[in-house]
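**Student:** As input, take start-v1.cif (mmCIF, C-alpha atoms):
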data_start
loop_
_atom_site.label_atom_id
_atom_site.label_comp_id
_atom_site.auth_asym_id
_atom_site.auth_seq_id
_atom_site.Cartn_x
_atom_site.Cartn_y
_atom_site.Cartn_z
CA ASP A 1 115.53 76.90 93.28
CA SER A 2 115.84 77.52 97.03
CA GLY A 3 112.40 79.08 97.36
CA VAL A 4 113.88 82.48 98.21
CA THR A 5 113.69 84.80 95.24
CA GLN A 6 115.93 87.79 94.80
CA THR A 7 115.69 90.35 92.03
CA PRO A 8 117.46 91.64 90.12
CA LYS A 9 120.36 89.20 89.78
CA HIS A 10 122.71 91.86 88.50
CA LEU A 11 122.65 95.63 88.79
CA ILE A 12 125.09 98.19 87.47
CA THR A 13 124.63 101.78 88.51
CA ALA A 14 126.56 104.98 88.95
CA THR A 15 127.84 106.57 92.12
CA GLY A 16 125.30 108.75 93.85
CA GLN A 17 122.36 106.75 92.57
CA ARG A 18 119.72 104.83 94.52
CA VAL A 19 118.69 101.22 93.96
CA THR A 20 116.14 98.83 95.42
CA LEU A 21 116.80 95.14 95.88
CA ARG A 22 113.88 92.80 96.35
CA CYS A 23 113.52 89.54 98.22
CA SER A 24 110.61 87.14 98.45
CA PRO A 25 111.05 84.64 101.28
CA ARG A 26 110.21 80.99 101.13
CA SER A 27 106.53 80.31 101.62
CA GLY A 28 105.71 80.28 105.32
CA ASP A 29 108.96 81.91 106.46
CA LEU A 30 108.32 85.05 108.49
CA SER A 31 111.92 86.16 108.95
CA VAL A 32 113.98 87.87 106.28
CA TYR A 33 117.65 88.67 106.72
CA TRP A 34 119.82 90.84 104.50
CA TYR A 35 123.56 90.31 104.11
CA GLN A 36 126.33 92.01 102.22
CA GLN A 37 129.32 90.11 100.85
CA SER A 38 132.19 92.18 99.59
CA LEU A 39 135.59 90.91 98.51
CA ASP A 40 137.45 92.33 101.46
CA GLN A 41 134.82 91.95 104.20
CA GLY A 42 133.23 88.57 103.72
CA LEU A 43 129.60 88.09 104.67
CA GLN A 44 128.14 90.74 106.96
CA PHE A 45 124.71 90.82 108.54
CA LEU A 46 122.78 93.98 107.69
CA ILE A 47 119.26 93.73 109.06
CA GLN A 48 116.50 91.31 110.01
CA TYR A 49 112.74 91.63 109.70
CA TYR A 50 110.21 89.37 111.29
CA ASN A 51 106.59 89.46 110.17
CA GLY A 52 106.85 93.05 109.03
CA GLU A 53 108.81 94.45 111.94
CA GLU A 54 112.49 95.20 112.25
CA ARG A 55 113.98 92.63 114.61
CA ALA A 56 117.71 93.28 114.57
CA LYS A 57 120.27 95.54 112.98
CA GLY A 58 123.83 94.75 112.09
CA ASN A 59 126.41 96.74 110.21
CA ILE A 60 123.94 98.63 108.07
CA LEU A 61 124.90 102.08 106.86
CA GLU A 62 122.55 105.02 107.35
CA ARG A 63 122.36 105.30 103.55
CA PHE A 64 120.75 101.87 103.52
CA SER A 65 117.23 101.05 104.64
CA ALA A 66 114.92 98.11 104.41
CA GLN A 67 111.33 97.15 105.00
CA GLN A 68 109.16 94.07 104.97
CA PHE A 69 105.71 94.32 103.48
CA PRO A 70 102.44 92.62 104.58
CA ASP A 71 102.95 89.90 101.96
CA LEU A 72 106.36 89.30 103.65
CA HIS A 73 108.51 90.29 100.72
CA SER A 74 111.30 92.66 101.65
CA GLU A 75 113.14 95.46 99.94
CA LEU A 76 116.61 96.79 100.64
CA ASN A 77 117.12 100.37 99.54
CA LEU A 78 120.64 101.61 98.94
CA SER A 79 121.09 105.33 98.33
CA SER A 80 123.93 107.76 97.57
CA LEU A 81 125.84 104.78 96.28
CA GLU A 82 129.61 104.69 96.53
CA LEU A 83 132.13 102.49 94.77
CA GLY A 84 132.64 100.59 98.01
CA ASP A 85 129.01 99.49 98.02
CA SER A 86 129.75 97.14 95.14
CA ALA A 87 129.08 93.69 96.55
CA LEU A 88 126.84 90.67 96.52
CA TYR A 89 123.70 91.23 98.53
CA PHE A 90 121.96 88.14 99.84
CA CYS A 91 118.69 87.71 101.58
CA ALA A 92 117.75 84.65 103.57
CA SER A 93 114.60 83.49 105.23
CA SER A 94 114.02 81.12 108.11
CA VAL A 95 111.55 79.51 110.41
CA PRO A 96 112.60 79.59 114.11
CA GLY A 97 114.48 76.44 115.05
CA TYR A 98 115.23 75.54 111.48
CA GLY A 99 118.01 76.50 109.15
CA TYR A 100 118.29 79.36 106.75
CA THR A 101 117.46 79.39 103.09
CA PHE A 102 119.41 81.83 100.98
CA GLY A 103 118.46 83.55 97.79
CA SER A 104 120.86 83.52 94.88
CA GLY A 105 121.95 87.07 95.56
CA THR A 106 122.04 90.39 93.73
CA ARG A 107 125.41 91.45 92.37
CA LEU A 108 125.63 95.22 92.61
CA THR A 109 128.32 97.04 90.71
CA VAL A 110 128.72 100.77 91.30
CA VAL A 111 130.74 102.55 88.63
CA LYS B 112 139.70 89.38 117.21
CA ASN B 113 136.84 87.96 115.18
CA GLU B 114 133.97 86.39 117.08
CA VAL B 115 134.10 83.43 114.71
CA GLU B 116 137.41 82.01 113.55
CA GLN B 117 137.83 79.33 110.92
CA SER B 118 140.81 77.26 109.98
CA PRO B 119 142.36 76.63 107.64
CA GLN B 120 141.65 79.54 105.32
CA ASN B 121 142.61 77.51 102.28
CA LEU B 122 142.67 73.78 101.83
CA THR B 123 143.76 71.66 98.90
CA ALA B 124 143.05 67.95 98.76
CA GLN B 125 143.22 65.01 96.43
CA GLU B 126 140.04 63.23 95.57
CA GLY B 127 139.17 60.66 98.20
CA GLU B 128 140.88 62.42 101.10
CA PHE B 129 139.21 63.05 104.46
CA ILE B 130 138.73 66.78 105.04
CA THR B 131 138.33 68.64 108.33
CA ILE B 132 137.43 72.30 108.66
CA ASN B 133 137.40 73.89 112.09
CA CYS B 134 135.38 76.72 113.58
CA SER B 135 135.87 78.38 116.97
CA TYR B 136 133.62 81.06 118.37
CA SER B 137 133.65 83.36 121.36
CA VAL B 138 129.99 84.39 121.71
CA GLY B 139 127.08 82.61 123.30
CA ILE B 140 125.06 80.81 120.68
CA SER B 141 121.73 79.13 120.19
CA ALA B 142 122.95 77.31 117.10
CA LEU B 143 125.85 77.06 114.72
CA HIS B 144 125.42 76.80 110.98
CA TRP B 145 127.66 75.41 108.29
CA LEU B 146 127.16 76.93 104.87
CA GLN B 147 128.57 76.09 101.46
CA GLN B 148 129.17 78.74 98.83
CA HIS B 149 129.90 77.56 95.32
CA PRO B 150 132.03 79.51 92.83
CA GLY B 151 128.88 80.88 91.24
CA GLY B 152 128.08 82.58 94.52
CA GLY B 153 125.01 80.70 95.72
CA ILE B 154 124.88 79.80 99.41
CA VAL B 155 123.45 76.55 100.68
CA SER B 156 122.83 75.76 104.32
CA LEU B 157 124.43 72.40 105.13
CA PHE B 158 123.80 71.97 108.85
CA MET B 159 122.31 73.70 111.84
CA LEU B 160 123.71 72.36 115.11
CA SER B 161 122.99 73.10 118.71
CA SER B 162 124.66 70.02 120.17
CA GLY B 163 126.34 66.77 119.26
CA LYS B 164 126.74 65.60 115.72
CA LYS B 165 124.85 65.53 112.45
CA LYS B 166 125.50 63.57 109.28
CA HIS B 167 124.26 64.08 105.76
CA GLY B 168 125.75 61.86 103.10
CA ARG B 169 129.52 62.32 103.17
CA LEU B 170 129.30 65.39 105.37
CA ILE B 171 129.54 65.24 109.16
CA ALA B 172 129.30 68.22 111.49
CA THR B 173 130.10 68.18 115.19
CA ILE B 174 129.91 70.78 117.90
CA ASN B 175 131.33 71.00 121.42
CA ILE B 176 129.40 73.71 123.22
CA GLN B 177 131.69 73.73 126.27
CA GLU B 178 134.78 74.26 124.13
CA LYS B 179 132.96 76.57 121.69
CA HIS B 180 134.23 74.61 118.74
CA SER B 181 132.73 72.93 115.72
CA SER B 182 134.15 70.83 112.93
CA LEU B 183 132.92 69.98 109.47
CA HIS B 184 134.23 66.74 108.01
CA ILE B 185 134.00 65.57 104.44
CA THR B 186 134.66 61.90 103.84
CA ALA B 187 135.83 60.60 100.46
CA SER B 188 136.19 64.12 99.09
CA HIS B 189 135.28 64.77 95.48
CA PRO B 190 136.05 67.63 93.09
CA ARG B 191 132.41 68.72 93.28
CA ASP B 192 133.02 69.47 96.99
CA SER B 193 135.22 72.37 95.89
CA ALA B 194 133.62 75.45 97.42
CA VAL B 195 133.95 77.91 100.27
CA TYR B 196 132.69 76.53 103.57
CA ILE B 197 131.50 79.07 106.09
CA CYS B 198 130.49 78.64 109.70
CA ALA B 199 128.10 81.08 111.27
CA VAL B 200 126.75 81.54 114.79
CA THR B 201 123.82 83.20 116.55
CA ASP B 202 120.45 84.05 115.22
CA LYS B 203 121.94 86.92 113.26
CA LEU B 204 124.50 84.75 111.54
CA ILE B 205 127.89 86.14 112.45
CA PHE B 206 130.08 84.59 109.84
CA GLY B 207 133.51 83.11 109.85
CA THR B 208 135.82 84.19 107.07
CA GLY B 209 135.36 80.92 105.25
CA THR B 210 137.57 78.04 104.18
CA ARG B 211 138.26 77.72 100.48
CA LEU B 212 138.46 74.03 99.59
CA GLN B 213 139.78 72.73 96.31
CA VAL B 214 139.65 69.02 95.62
CA PHE B 215 141.68 67.77 92.68
CA PRO B 216 141.00 64.54 90.78
#
Starting from the file, give its structure as structure tokens.
**Tutor:**
Amino acid sequence: DSGVTQTPKHLITATGQRVTLRCSPRSGDLSVYWYQQSLDQGLQFLIQYYNGEERAKGNILERFSAQQFPDLHSELNLSSLELGDSALYFCASSVPGYGYTFGSGTRLTVV
Amino acid sequence: KNEVEQSPQNLTAQEGEFITINCSYSVGISALHWLQQHPGGGIVSLFMLSSGKKKHGRLIATINIQEKHSSLHITASHPRDSAVYICAVTDKLIFGTGTRLQVFP
């Protein structure tokens, strides 16, 4: 157990639907990062939150949004899902100057 | 051109061989990370480097900031080292495409 908890582990949903992925960072880590890993794109940075505020944005689609709550857990919302959104979604947390700790990922399948 | 390039893309080795994976980057960085992703999908952070060299067990990572290049070495490779090794740079983790390593007994 890395200390970063992601739920659910697997999710199957239909096109056009909306899903919410959840991430609880390691205790004491203020930063949460979201990443998407698809077969043809590799790992891509989506968005970072630090202590509740958005810190940086990567290749995140407008259909996707995220937030970090006061207890530091984060949610990634994916809406109007398309087949191409099928991927592994990872979150990671970190403390500045130290490495990253990854969650085990959520495997999203859009059918 | 990708900001982070890894080579080789695929690597096959016999148990006991010395392995080198290379990573070159074109952006300014505060640190470079080496990650390991096992077939089940989980990602483990192996090293974070900002200069010099780090060693952990049979794994050694080096970085040359001037040349914008890093290497990951595995000594006395073992089948359990079979995984995808990914280098990543900057605080936002721009990822290389990964090197798929298979070590055969």
**Student:** Given the point (120.8, 82.0, 110.1) in the coordinates of this file, which residues lie within 8 Å, counting only C-alpha atoms, and how would they look as a list of chain:residue names?
**Tutor:**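 Applying the cut-off with only C-alpha atoms, one gets A:Ala92, A:Ser94, A:Gly99, A:Tyr100, B:His144, B:Ala199, B:Val200, B:Thr201, B:Asp202, B:Lys203, B:Leu204.
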**Student:** Just write the chosen residues, C-alpha atoms, as a PDB file, in the coordinates of the input.
**Tutor:**
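File out-v4.pdb, as written:
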ATOM      1  CA  ALA A  92     117.750  84.650 103.570  1.00  0.00           C
ATOM      2  CA  SER A  94     114.020  81.120 108.110  1.00  0.00           C
ATOM      3  CA  GLY A  99     118.010  76.500 109.150  1.00  0.00           C
ATOM      4  CA  TYR A 100     118.290  79.360 106.750  1.00  0.00           C
TER       5      TYR A 100
ATOM      6  CA  HIS B 144     125.420  76.800 110.980  1.00  0.00           C
ATOM      7  CA  ALA B 199     128.100  81.080 111.270  1.00  0.00           C
ATOM      8  CA  VAL B 200     126.750  81.540 114.790  1.00  0.00           C
ATOM      9  CA  THR B 201     123.820  83.200 116.550  1.00  0.00           C
ATOM     10  CA  ASP B 202     120.450  84.050 115.220  1.00  0.00           C
ATOM     11  CA  LYS B 203     121.940  86.920 113.260  1.00  0.00           C
ATOM     12  CA  LEU B 204     124.500  84.750 111.540  1.00  0.00           C
TER      13      LEU B 204
END
**Student:** Give me, as a ChimeraX atom specification, the residues of chain A touching chain B, with the criterion being at most 9 Å (counting all atoms listed in the file).
**Tutor:** /A:2,33,41-45,47-48,56-58,88,90,97-105
**Student:** Show me as number ranges by chain the residues that reach within 12 Å of (107.2, 81.1, 107.1), counting only C-alpha atoms and using the file's own coordinates.
**Tutor:** A: 3-4, 24-32, 50-51, 71-73, 92-101
**Student:** Can you measure atom CA of B:Leu170 to atom CA of A:Tyr35 for me? One decimal in Å is fine.
**Tutor:**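 According to the coordinates, atom CA of B:Leu170 and atom CA of A:Tyr35 are separated by 25.6 Å.
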**Student:** Residue by residue, what does the PyMOL selection byres ((chain A and resi 75) around 6) grab here? Present the result as a ChimeraX atom specification.
**Tutor:** /A:21-22,66-67,74,76
**Student:** Which residues would end up in the selection if the PyMOL selection byres ((chain A and resi 9) around 8) were applied here, given that I need the answer as number ranges by chain?
**Tutor:** A: 6-8, 10-11, 104-107
**Student:** By how many Å are atom CA of A:Ala87 and atom CA of B:Gln120 apart?
**Tutor:**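 Atom CA of A:Ala87 sits 20.9 Å away from atom CA of B:Gln120.
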**Student:** Evaluate the PyMOL selection byres ((chain B and resi 162) around 8) on the structure here and hand back the selected residues as JSON, numbers by chain.
**Tutor:** {"B": [160, 161, 163, 164, 173, 174, 175, 176]}
**Student:** Can you tell me, as AutoDock Vina command-line options, the centre and edge lengths (Å, one decimal) of the axis-aligned box enclosing all of stretch 57-75 of chain A's listed atoms after padding each side by 3 Å?
**Tutor:**
--center_x 114.4 --center_y 97.3 --center_z 106.5 --size_x 30.0 --size_y 22.0 --size_z 19.0
**Student:** Would you please work out which residue, of B:Glu114, B:Gln147, B:Ile171, B:Ser188, is nearest to B:Ile130 when using all atoms listed in the file?
**Tutor:**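 Closest candidate: B:Ser188.
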**Student:** Mind giving me the straight-line distance from atom CA of B:Gln148 to atom CA of B:Arg169 in Å, one decimal?
**Tutor:** 17.0 Å
**Student:** Report as number ranges by chain all protein, DNA and RNA residues lying within 12 Å of A:Leu83, evaluated on all atoms listed in the file, omitting residues in the same chain fewer than 2 positions from it.
**Tutor:** A: 12-17, 38, 79-81, 85-87, 108-111
**Student:** Using only C-alpha atoms for the distances, tell me which of B:Ser182, B:Thr131, B:Ser137, B:Thr123 is nearest to B:Leu212.
**Tutor:**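 Closest to B:Leu212 of all the choices is B:Thr123.
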**Student:** Within 9 Å of B:Gln213, counting only C-alpha atoms, which residues qualify if same-chain residues fewer than 4 places away don't, as a list of chain:residue names?
**Tutor:**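 Final neighbour list, sorted by chain and number: B:Asn121, B:Leu122, B:Thr123, B:Ala124, B:Gln125, B:Pro190, B:Arg191, B:Asp192, B:Ser193, B:Ala194, B:Val195.
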**Student:** Considering only C-alpha atoms, can you say which of B:Ala187, B:Ala172, B:Val115, B:Val214 comes closest to B:Ile132?
**Tutor:**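 Distance minimum relative to B:Ile132 lands on B:Ala172.
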**Student:** Smallest atom-to-atom distance to A:Phe69: which of A:Glu82, A:Asp40, A:Cys23, A:Asp1, using all atoms listed in the file?
**Tutor:**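 Using all atoms listed in the file, A:Phe69 sits closest to A:Cys23.
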